[in-house]
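Engineer: Below is one structure. I have some questions about it.
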Amino acid sequence: MACSSMALGQDEQTATFSITLNDSDGVPVDNGVFLFEPQFEVEAHQMPQQEPAIMNQIDKQFEPHVLVVKAGTEVTFPNADNLFHHVYSFSPTKQFELKLYKEFTAEPLRFDTAGVVDIGCNIHDWMLGYIVVSDSPYFGKTDSKGQSFISLPHGEYTVRFWHPQVEGEKAFPSQSIAVNADTEVTWALGTTIVSDDGFDSGFGDY
Amino acid sequence: MRFTTQLLTLFSLAFSIASYADTDFLFRGTWTLQENTQSFQNFGRNHQRYDGNGVRLSQAVISTDQRLTNDWTLSGVLNAYSDGEERLNFSQLYLKYRPLSASSIKPEVKVGAFYPAISAENTDFGWLSPHFLTNSAINSWIGEELRTGGLEISLRQNGRQVRSNWSWKVLGSVFKGNDSTGTLLSWRGFALHDRQSLYNDRVNFLPIPGVIDEERLDAPAWTEPFREIDNRFGYYFGAHVAYKRSAEMRYYYYNNNADANVVDPDRIYAWHTRFHSITLRYMPRSELTLFSQVLYGDTLMGEKIVDNDFASAYVAAALDLNTVGLKDLTAAVRMDWYRVIDNDNTMYDPNGSRGNAYTISVKYDITSRFSVTTEWQLNSGDQENLRFFQPSENFTEHLFQVALTATL
């Protein structure tokens, strides 16, 4: 009985923060990352469940293009392609090099430091992916409709934004938000974002 | 042949460490329907690869990239053909040094025998075209007479890594061999086919009286495209610029730097051949590719015994017919134009030629491993030295092909 009332209490304390992200032309923007840093002590039972973190390689692209993980997460790098990839990062956040033979999965790598890790493939320069490592367990990434739904315990947060095609974090200044109920927001970037996916080997290996 | 055997041993070694190698196999059987005239490969008048109708093994290719270390890769393409003089050998064999670099401007070095990356259509492994069975006039010539046996150094920057829409590459090369490059353009003219010359290969052509006559040029009616005759280095340099993954332009300048006054004991002349090449590629939508190349150059043999300008261009389009509801079908069309201008006064060796070709190709992917390609081509023009063999200098050649391609 006590347990169920606690669960009920937890539900009452949690809100869904719904974001719709558009560019300056009103086109939905995917891969926009929102980090919600709680300005209060997070209790253990409020921690969201960690999903397995996988950075795959499919058709000479990193899949997903942007992966968001909490600091301390292990990320698996399978290679679904029938060819060799030589994956690397020179980012200060995490430097590594993985030789990924075809249809092979390397030992997972642990990402402990918060920040953005740019990952590339030395054989296919056009392949580019990002792992955003967050100190906070609360984060979201917009989907192809530009939407992200983040479950947040009630409280004060500092919200930070990142997108691979927006330099640094200038798109939105860090802002403080009080979350006390389900909230829907639509945010617009001051720039246009054009999808740059797709690898065509006719363009060579650069 | 002993060289081939050694290379084959090396190649099989490469396969023995399979997980370290990316290897592709391709076999293509082609049924051709065409005029029943002799091919240039059999010293005939026809600019086609084959003499007449028939079913042939038109391509058998093993292409492998063998990783030797983190930075070094050995790449080889072994071809087998049922036609031509050299029927089993390498078309490319080179080492590639591509080190991991923290800099966004990255170096690469290639050493060995390979193609300069001039072609917009030969983008598949083994320098094959994903769209056509026959190559354009430009790339048919490059496939038969041009291969760098040397060193290429490049620097490149991928725009996506620096949040720019523009990527670029600059490169330069010095090489040996290729001293006879230009022979076929002068004595046979441009042709359209998919027979790449292999290491040690020999390409035949129509025995023009003024060329083979002992009293005249006294040359054989064949050429060895990669032969070194004058012991001088040739060079090329180039630049690529790409806008995202949707548009690209490449410029190359090639100069084999041959001493046009040298002839070797087989009476093979060195030809001083130079050209400018522009390659354009544009993908307005992911299912549509437009591409074009322009080639302009000259070739000189002896003290103006042969002095020719040559030029060729094509425009082509490839469309994935999924967009119009036709599943697994791709259609491609190409229009070729070519010309050789004879600037010398050697009356017994007229080299002028010009022509146009139209190619339509439709490919059906039966599975991911098997495809059927149907291609029709019309190639017509005139060639001055045909007057020694027929009443007119004109030629018109039709080619209809159906090919079954298997890849592994």
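Scheme for the structure tokens: letters A, B, ... for chains in order shown; per-chain residue numbers from 1; ligand numbers from 1 in order shown.
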As a PyMOL selection string, could you give me every residue of chain A near chain B (at most 9 Å apart, counting only C-alpha atoms)?

Structural biologist: chain A and resi 82-84+86+88-91+99+101-102+118+120+122-123+125-128+164-167+196-204+206

Engineer: For the residues in that selection, give me N, CA and C atoms as an mmCIF file, in the first residue's frame.

Structural biologist:
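The result, stored in result06.cif:
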data_model
loop_
_atom_site.group_PDB
_atom_site.id
_atom_site.type_symbol
_atom_site.label_atom_id
_atom_site.label_comp_id
_atom_site.auth_asym_id
_atom_site.auth_seq_id
_atom_site.Cartn_x
_atom_site.Cartn_y
_atom_site.Cartn_z
ATOM 1 N N ASN A 82 28.858 -4.315 -44.918
ATOM 2 C CA ASN A 82 29.703 -5.418 -45.368
ATOM 3 C C ASN A 82 31.055 -4.865 -45.820
ATOM 4 N N LEU A 83 31.574 -3.911 -45.101
ATOM 5 C CA LEU A 83 32.895 -3.372 -45.407
ATOM 6 C C LEU A 83 33.505 -2.785 -44.138
ATOM 7 N N PHE A 84 34.781 -2.471 -44.233
ATOM 8 C CA PHE A 84 35.563 -2.046 -43.083
ATOM 9 C C PHE A 84 35.326 -0.567 -42.768
ATOM 10 N N HIS A 86 36.884 2.492 -40.073
ATOM 11 C CA HIS A 86 37.952 2.837 -39.134
ATOM 12 C C HIS A 86 37.494 4.084 -38.378
ATOM 13 N N TYR A 88 37.006 6.901 -35.450
ATOM 14 C CA TYR A 88 37.918 7.610 -34.560
ATOM 15 C C TYR A 88 37.252 8.841 -33.965
ATOM 16 N N SER A 89 37.848 9.303 -32.881
ATOM 17 C CA SER A 89 37.484 10.609 -32.326
ATOM 18 C C SER A 89 38.752 11.277 -31.818
ATOM 19 N N PHE A 90 38.909 12.548 -32.161
ATOM 20 C CA PHE A 90 39.997 13.356 -31.598
ATOM 21 C C PHE A 90 39.440 14.414 -30.652
ATOM 22 N N SER A 91 38.143 14.284 -30.311
ATOM 23 C CA SER A 91 37.523 15.278 -29.419
ATOM 24 C C SER A 91 38.129 15.176 -28.027
ATOM 25 N N LYS A 99 38.821 -0.245 -34.972
ATOM 26 C CA LYS A 99 38.864 -0.886 -36.290
ATOM 27 C C LYS A 99 37.674 -1.835 -36.359
ATOM 28 N N TYR A 101 35.733 -4.299 -38.385
ATOM 29 C CA TYR A 101 35.625 -5.173 -39.539
ATOM 30 C C TYR A 101 34.168 -5.394 -39.855
ATOM 31 N N LYS A 102 33.924 -5.875 -41.062
ATOM 32 C CA LYS A 102 32.528 -5.987 -41.502
ATOM 33 C C LYS A 102 31.730 -6.892 -40.567
ATOM 34 N N ASP A 118 32.848 14.240 -31.461
ATOM 35 C CA ASP A 118 32.684 14.104 -32.921
ATOM 36 C C ASP A 118 33.325 12.795 -33.321
ATOM 37 N N GLY A 120 34.287 10.103 -36.558
ATOM 38 C CA GLY A 120 34.435 10.013 -38.003
ATOM 39 C C GLY A 120 34.933 8.637 -38.393
ATOM 40 N N ASN A 122 37.916 7.021 -40.943
ATOM 41 C CA ASN A 122 39.080 7.443 -41.728
ATOM 42 C C ASN A 122 39.012 6.948 -43.172
ATOM 43 N N ILE A 123 38.134 6.004 -43.446
ATOM 44 C CA ILE A 123 38.015 5.503 -44.816
ATOM 45 C C ILE A 123 36.946 6.284 -45.574
ATOM 46 N N ASP A 125 35.298 9.765 -45.296
ATOM 47 C CA ASP A 125 35.327 11.060 -44.612
ATOM 48 C C ASP A 125 33.936 11.643 -44.384
ATOM 49 N N TRP A 126 33.006 11.327 -45.297
ATOM 50 C CA TRP A 126 31.684 11.926 -45.200
ATOM 51 C C TRP A 126 30.917 11.392 -43.989
ATOM 52 N N MET A 127 31.299 10.211 -43.505
ATOM 53 C CA MET A 127 30.641 9.647 -42.321
ATOM 54 C C MET A 127 30.972 10.513 -41.118
ATOM 55 N N LEU A 128 29.942 10.960 -40.450
ATOM 56 C CA LEU A 128 30.159 11.819 -39.302
ATOM 57 C C LEU A 128 29.020 11.582 -38.312
ATOM 58 N N PRO A 164 24.045 19.490 -34.442
ATOM 59 C CA PRO A 164 25.311 19.323 -35.175
ATOM 60 C C PRO A 164 25.599 20.419 -36.187
ATOM 61 N N GLN A 165 24.550 21.037 -36.734
ATOM 62 C CA GLN A 165 24.809 22.061 -37.744
ATOM 63 C C GLN A 165 24.745 23.480 -37.180
ATOM 64 N N VAL A 166 24.664 23.577 -35.891
ATOM 65 C CA VAL A 166 24.686 24.903 -35.275
ATOM 66 C C VAL A 166 25.953 24.992 -34.433
ATOM 67 N N GLU A 167 26.776 25.965 -34.782
ATOM 68 C CA GLU A 167 28.068 26.108 -34.119
ATOM 69 C C GLU A 167 27.865 26.339 -32.625
ATOM 70 N N ASP A 196 21.794 16.824 -44.262
ATOM 71 C CA ASP A 196 23.006 16.544 -45.041
ATOM 72 C C ASP A 196 23.322 15.048 -45.016
ATOM 73 N N ASP A 197 22.292 14.247 -44.871
ATOM 74 C CA ASP A 197 22.503 12.799 -44.845
ATOM 75 C C ASP A 197 22.741 12.275 -46.254
ATOM 76 N N GLY A 198 23.076 10.996 -46.323
ATOM 77 C CA GLY A 198 23.218 10.338 -47.613
ATOM 78 C C GLY A 198 24.650 10.291 -48.053
ATOM 79 N N PHE A 199 25.118 9.081 -48.325
ATOM 80 C CA PHE A 199 26.492 8.916 -48.791
ATOM 81 C C PHE A 199 26.419 8.423 -50.217
ATOM 82 N N ASP A 200 27.034 9.090 -51.138
ATOM 83 C CA ASP A 200 27.093 8.611 -52.507
ATOM 84 C C ASP A 200 28.546 8.441 -52.868
ATOM 85 N N SER A 201 28.950 7.188 -53.105
ATOM 86 C CA SER A 201 30.376 6.940 -53.304
ATOM 87 C C SER A 201 30.868 7.514 -54.625
ATOM 88 N N GLY A 202 29.955 7.933 -55.487
ATOM 89 C CA GLY A 202 30.386 8.609 -56.706
ATOM 90 C C GLY A 202 31.178 9.869 -56.414
ATOM 91 N N PHE A 203 31.009 10.408 -55.230
ATOM 92 C CA PHE A 203 31.747 11.607 -54.854
ATOM 93 C C PHE A 203 33.123 11.273 -54.283
ATOM 94 N N GLY A 204 33.470 10.009 -54.306
ATOM 95 C CA GLY A 204 34.791 9.645 -53.816
ATOM 96 C C GLY A 204 34.791 9.497 -52.311
ATOM 97 N N TYR A 206 36.122 11.470 -49.959
ATOM 98 C CA TYR A 206 36.414 12.645 -49.144
ATOM 99 C C TYR A 206 35.160 13.428 -48.849
#

Engineer: Mind the document's chain letters and residue numbers, and return as a PyMOL selection string the residues of chain A that DSSP labels alpha helix (DSSP H).

Structural biologist: chain A and resi 2-12

Engineer: How would the residues just picked look written out with C-alpha atoms as an mmCIF file, in the first residue's frame?

Structural biologist:
data_model
loop_
_atom_site.group_PDB
_atom_site.id
_atom_site.type_symbol
_atom_site.label_atom_id
_atom_site.label_comp_id
_atom_site.auth_asym_id
_atom_site.auth_seq_id
_atom_site.Cartn_x
_atom_site.Cartn_y
_atom_site.Cartn_z
ATOM 1 C CA ALA A 2 2.776 2.331 0.983
ATOM 2 C CA CYS A 3 4.614 1.493 -2.200
ATOM 3 C CA SER A 4 1.652 2.264 -4.435
ATOM 4 C CA SER A 5 1.026 5.594 -2.776
ATOM 5 C CA MET A 6 4.707 6.429 -3.276
ATOM 6 C CA ALA A 7 4.387 5.556 -6.958
ATOM 7 C CA LEU A 8 1.301 7.704 -7.198
ATOM 8 C CA GLY A 9 3.137 10.502 -5.505
ATOM 9 C CA GLN A 10 5.986 10.156 -7.987
ATOM 10 C CA ASP A 11 3.594 10.392 -10.935
ATOM 11 C CA GLU A 12 2.109 13.514 -9.526
#

Engineer: Return as an MDAnalysis selection string the full set of residues in segment 177-247 of chain B whose backbone-based DSSP assignment is strand (DSSP E or B).

Structural biologist: chainID B and resid 203:204 222:223 234:243 247

Engineer: Would you mind telling me which residue in A:Leu189, A:Val33, A:Ala15, A:Val116 lies nearest to Ile131 of chain A when using only C-alpha atoms?

Structural biologist: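 Ranking A:Leu189, A:Val33, A:Ala15, A:Val116 by distance to Ile131 of chain A, first place goes to A:Val116.
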